[in-house]
Amino acid sequence: MTHLRSRRRLGLAASLALSLTASLGFLPTAASAAPPAEPGVRAADAAGAPTLAYVVNTRTDRRTIESVKKAIAATGGTVVIAYEEIGVIVVHSANPDFARAMRAVHGVRSAGATRTAPLSAAGATDEGPVQLLTERQATKTARASVDAGAGEPLEADQWNLRAIGADRAADIEPGSPRVTVAVIDNGVDDTHPDLAPNFSAAQSANCAGGKADTSPGAWRPYTTADAHGTHVAGEIAAPRNGIGIAGVAPGVKVSAIKVSDPVNGLYYPESVVCAFVFAADHGVEITNNSYYVDPWLYNCLDDPDQRAIVEAVDRAQRYARNQGTLNLASAGNSNHDLASDAIVDASSPDDSTPVSRTVDPHRCFDVPTQLPGVVTVAATGVQNLKSYYSTYGYGVIDIAAPGGDRRYQIPDTPSKNGRILSTLPDGQYGFLQGTSMASPHAAGVAALLKSRYPKATPAQLQGLLKAQADNPGCPESYDQDGDGKQDAVCEGGELFNGFYGFGIVDALEAVE
């Protein structure tokens, strides 16, 4: 969301790359100039029409960009921001014909709406509501932590750290403060005592709407209910400071790039484009992306709006990668096989009225997790078995990491909770599960590897992540509910398969 690449893995990656190149990189430009202005028609069309957000993807030379900006204005659009380095322009327009008209402009590769509902009217990949750690549970866990000799008061409940050797790895390499993992999410409460020591405000921003706001605190959650990003941040880099929990890489820095919409909490494409560019331009080494880009769970290349979304986000994440940033993403919680021929998507678009459709995951992509170069992470439980909800797929999943499993994999911990314990806003702690929780574990291991090998490129870090992973192989049976039917089918062998990719991350092996 990659290793000794199998032939099929190479085939899928090549197929995806060719699809993106053929469909996005060389789109025909039908007109040689901007369409003539028709103020009367635009005024009539726009009367009472909703204002939508768009991405317009162009060539990156200044002359083309300036020409396209003029065409945007002539077609009833207002430029929010132009990311000239990647040729992506974020636009607002009430002209219902805006995207179609812009696709005919010379130099425009693709253009499309990034939402189906007007601007003035929850795409994260956690599974189920947050479960607060009660005072009674905390007291019990703290006693157990002391008895076990754990360093942090709540560490006895952190089965996930022990599952990947992160508790022992911290004694060897806790991570360098010169390495930053940016949490692209719905904000991080940097005032939390278990996050404040490792938080990097200089590398944080609010990108909601597509333009970075770096004013103090802009990166924090809108409300305390927006706990997702704060939970993710703690999993990565909560310090070993005698307070609460510990992260996988307790010595590295963590930053927050908020991308959630203030009205509906969704993660729109223009916000994510802003986040990748901001991370790259501010020296972030690793980004964690525990979400999918709304409003489409899968963006299909045969739809011009969705194709423009794929291209815009892909340009941004490739820019970040070329600047030295490794991007990791969660695989999703639908228990979908991303290597299959067809998937039913009944949730899109999630900002208006969903319509059930059958999509081909080789032509319709979960963004950003299926983009080339992004590390796709599946979720496991305490038994090192794929979590019941985790999406999978041979040749798609790169690695796996603890994401929790409250149904079938219950740990022998004080709270007996199969989810992941981490930080929450207002100094609280709680449990969540999902591939949202798996990706930050992998990001933490990547941060440890970057600390040990500071000159490693994103491609080299990917190779190191794959090399240190431990693969349990496909299970003999995956009938989790005991009804006699397989709940998912694992393809592949002990070196590489559809459940775990190259394996489950191993923090201890990463630092030894």
# chains A, B, ... in the order shown; residues from 1 in each chain; ligands from 1

$ select_by_dssp --residues "stretch 44-236 of chain A" --states "helix (DSSP H, G or I)" --output "PDB file with C-alpha atoms, in the first residue's frame"
ATOM      1  CA  ALA A  44     -26.291  30.610 -16.826  1.00  0.00           C
ATOM      2  CA  ASP A  45     -24.692  27.220 -16.157  1.00  0.00           C
ATOM      3  CA  ALA A  46     -23.222  28.339 -12.874  1.00  0.00           C
ATOM      4  CA  ARG A  62       6.159  27.335 -17.020  1.00  0.00           C
ATOM      5  CA  ARG A  63       4.789  28.455 -20.377  1.00  0.00           C
ATOM      6  CA  THR A  64       2.231  25.645 -20.451  1.00  0.00           C
ATOM      7  CA  ILE A  65       1.223  26.188 -16.839  1.00  0.00           C
ATOM      8  CA  GLU A  66       0.645  29.899 -17.368  1.00  0.00           C
ATOM      9  CA  SER A  67      -1.390  29.185 -20.508  1.00  0.00           C
ATOM     10  CA  VAL A  68      -3.502  26.627 -18.630  1.00  0.00           C
ATOM     11  CA  LYS A  69      -4.085  29.072 -15.770  1.00  0.00           C
ATOM     12  CA  LYS A  70      -5.548  31.547 -18.266  1.00  0.00           C
ATOM     13  CA  ALA A  71      -7.768  28.802 -19.657  1.00  0.00           C
ATOM     14  CA  ILE A  72      -8.925  27.943 -16.139  1.00  0.00           C
ATOM     15  CA  ALA A  73     -10.014  31.528 -15.548  1.00  0.00           C
ATOM     16  CA  ALA A  74     -11.718  31.692 -18.939  1.00  0.00           C
ATOM     17  CA  PHE A  98     -15.399  22.773 -16.348  1.00  0.00           C
ATOM     18  CA  ALA A  99     -13.584  19.426 -16.452  1.00  0.00           C
ATOM     19  CA  ARG A 100     -14.724  18.542 -19.961  1.00  0.00           C
ATOM     20  CA  ALA A 101     -13.668  21.933 -21.264  1.00  0.00           C
ATOM     21  CA  MET A 102     -10.262  21.766 -19.585  1.00  0.00           C
ATOM     22  CA  ARG A 103      -9.515  18.345 -21.088  1.00  0.00           C
ATOM     23  CA  GLU A 135      -8.436   3.782  34.603  1.00  0.00           C
ATOM     24  CA  ARG A 136      -8.961   0.319  36.052  1.00  0.00           C
ATOM     25  CA  GLN A 137      -7.382  -1.323  33.008  1.00  0.00           C
ATOM     26  CA  ALA A 138      -4.480   1.103  33.104  1.00  0.00           C
ATOM     27  CA  THR A 139      -3.764   0.314  36.746  1.00  0.00           C
ATOM     28  CA  LYS A 140      -3.842  -3.423  36.067  1.00  0.00           C
ATOM     29  CA  THR A 141      -1.617  -3.047  33.022  1.00  0.00           C
ATOM     30  CA  ALA A 142       0.872  -0.848  34.890  1.00  0.00           C
ATOM     31  CA  ARG A 143       1.259  -3.511  37.603  1.00  0.00           C
ATOM     32  CA  ALA A 144       1.777  -6.196  34.981  1.00  0.00           C
ATOM     33  CA  SER A 145       4.351  -4.024  33.215  1.00  0.00           C
ATOM     34  CA  VAL A 146       6.334  -3.636  36.424  1.00  0.00           C
ATOM     35  CA  ASP A 147       6.179  -7.376  37.093  1.00  0.00           C
ATOM     36  CA  ALA A 148       7.389  -8.090  33.561  1.00  0.00           C
ATOM     37  CA  GLU A 155       3.715  -1.802  27.703  1.00  0.00           C
ATOM     38  CA  ALA A 156       2.320  -5.067  29.048  1.00  0.00           C
ATOM     39  CA  ASP A 157      -0.680  -4.479  26.787  1.00  0.00           C
ATOM     40  CA  TRP A 159       1.683  -7.382  22.359  1.00  0.00           C
ATOM     41  CA  ASN A 160       2.374  -5.759  19.003  1.00  0.00           C
ATOM     42  CA  LEU A 161       5.835  -4.538  20.040  1.00  0.00           C
ATOM     43  CA  ARG A 162       6.844  -7.987  21.246  1.00  0.00           C
ATOM     44  CA  ALA A 163       5.437  -9.607  18.100  1.00  0.00           C
ATOM     45  CA  ALA A 166      10.480  -3.768  18.804  1.00  0.00           C
ATOM     46  CA  ASP A 167      10.842  -3.901  22.595  1.00  0.00           C
ATOM     47  CA  ARG A 168      14.304  -5.481  22.271  1.00  0.00           C
ATOM     48  CA  ALA A 169      15.267  -3.440  19.212  1.00  0.00           C
ATOM     49  CA  ALA A 170      14.960  -0.235  21.246  1.00  0.00           C
ATOM     50  CA  ASP A 171      17.963  -1.273  23.352  1.00  0.00           C
ATOM     51  CA  ILE A 172      20.085  -1.499  20.207  1.00  0.00           C
ATOM     52  CA  ALA A 196       5.400  16.033  22.541  1.00  0.00           C
ATOM     53  CA  PRO A 197       9.084  15.076  23.065  1.00  0.00           C
ATOM     54  CA  ASN A 198       9.398  13.627  19.548  1.00  0.00           C
ATOM     55  CA  ALA A 201       6.271  21.215  14.343  1.00  0.00           C
ATOM     56  CA  ALA A 202       8.557  22.564  11.621  1.00  0.00           C
ATOM     57  CA  GLN A 203       7.557  19.628   9.395  1.00  0.00           C
ATOM     58  CA  HIS A 228      -6.977   8.363  14.226  1.00  0.00           C
ATOM     59  CA  GLY A 229      -3.815  10.340  13.444  1.00  0.00           C
ATOM     60  CA  THR A 230      -2.831  10.685  17.103  1.00  0.00           C
ATOM     61  CA  HIS A 231      -3.141   6.920  17.528  1.00  0.00           C
ATOM     62  CA  VAL A 232      -0.997   6.304  14.446  1.00  0.00           C
ATOM     63  CA  ALA A 233       1.686   8.764  15.641  1.00  0.00           C
ATOM     64  CA  GLY A 234       2.053   6.980  18.980  1.00  0.00           C
ATOM     65  CA  GLU A 235       2.504   3.624  17.302  1.00  0.00           C
ATOM     66  CA  ILE A 236       5.413   5.045  15.332  1.00  0.00           C
TER      67      ILE A 236
END

$ residues_around --residues "stretch 374-377 of chain A" --least-positions-apart "6" --cutoff "6 Å" --atoms "only C-alpha atoms" --output "compact mmCIF listing (two decimals) with N, CA and C atoms, in the first residue's frame"
# COMPACT_ATOMS: atom_id res chain seq x y z
N MET A 1 0.56 -0.19 0.00
CA MET A 1 0.00 0.00 0.00
C MET A 1 0.71 0.24 0.00
N ASN A 327 7.24 6.25 0.96
CA ASN A 327 5.82 6.32 1.29
C ASN A 327 5.26 4.92 1.56
N LEU A 328 4.61 4.76 2.71
CA LEU A 328 3.95 3.51 3.06
C LEU A 328 2.46 3.76 3.21
N ALA A 329 1.64 2.75 2.87
CA ALA A 329 0.19 2.90 2.93
C ALA A 329 -0.48 1.61 3.37
N SER A 330 -1.62 1.77 4.01
CA SER A 330 -2.39 0.61 4.47
C SER A 330 -3.14 -0.03 3.31
N ALA A 331 -3.30 -1.35 3.39
CA ALA A 331 -3.89 -2.10 2.28
C ALA A 331 -5.41 -1.98 2.21
N ILE A 397 0.44 -6.99 -2.12
CA ILE A 397 0.94 -6.74 -0.76
C ILE A 397 2.46 -6.83 -0.75
N ASP A 398 3.09 -5.83 -0.16
CA ASP A 398 4.55 -5.84 -0.04
C ASP A 398 5.02 -6.49 1.25
N ILE A 399 4.45 -6.04 2.37
CA ILE A 399 4.81 -6.57 3.68
C ILE A 399 3.57 -6.55 4.57
N ALA A 400 3.69 -7.14 5.75
CA ALA A 400 2.62 -7.14 6.73
C ALA A 400 3.17 -6.68 8.07
N SER A 439 0.25 -0.20 8.96
CA SER A 439 1.17 0.65 8.21
C SER A 439 2.13 1.42 9.10

$ closest_residue --among "A:Arg220, A:Cys490, A:Glu311, A:Ala275" --to "A:Val108" --atoms "only C-alpha atoms"
A:Glu311

$ atom_distance --atom1 "atom CA of A:His106" --atom2 "atom CA of A:Lys211"
25.4 Å

$ closest_residue --among "A:Ser451, A:Asn206, A:Asn95, A:Thr391" --to "A:Gly501" --atoms "only C-alpha atoms"
A:Thr391

$ closest_residue --among "A:Leu119, A:Leu432, A:Ile81, A:Ala459" --to "A:Asn264" --atoms "only C-alpha atoms"
A:Leu119

$ residues_around --residues "A:Ala212" --least-positions-apart "5" --cutoff "9 Å" --atoms "only C-alpha atoms" --output "list of chain:residue names"
A:Ala205, A:Asn206, A:Cys207, A:Ile257, A:Ser271, A:Cys274, A:Ala275, A:Phe278

$ closest_residue --among "A:Ser215, A:Thr58, A:Gln131, A:Thr116" --to "A:Arg406" --atoms "only C-alpha atoms"
A:Gln131

$ residues_around --residues "A:Val359" --least-positions-apart "3" --cutoff "8 Å" --atoms "only C-alpha atoms" --output "list in words"
Tyr298, Cys300, Ala342, Ile343, Val344, Asp345, Arg363 and Cys364 of chain A
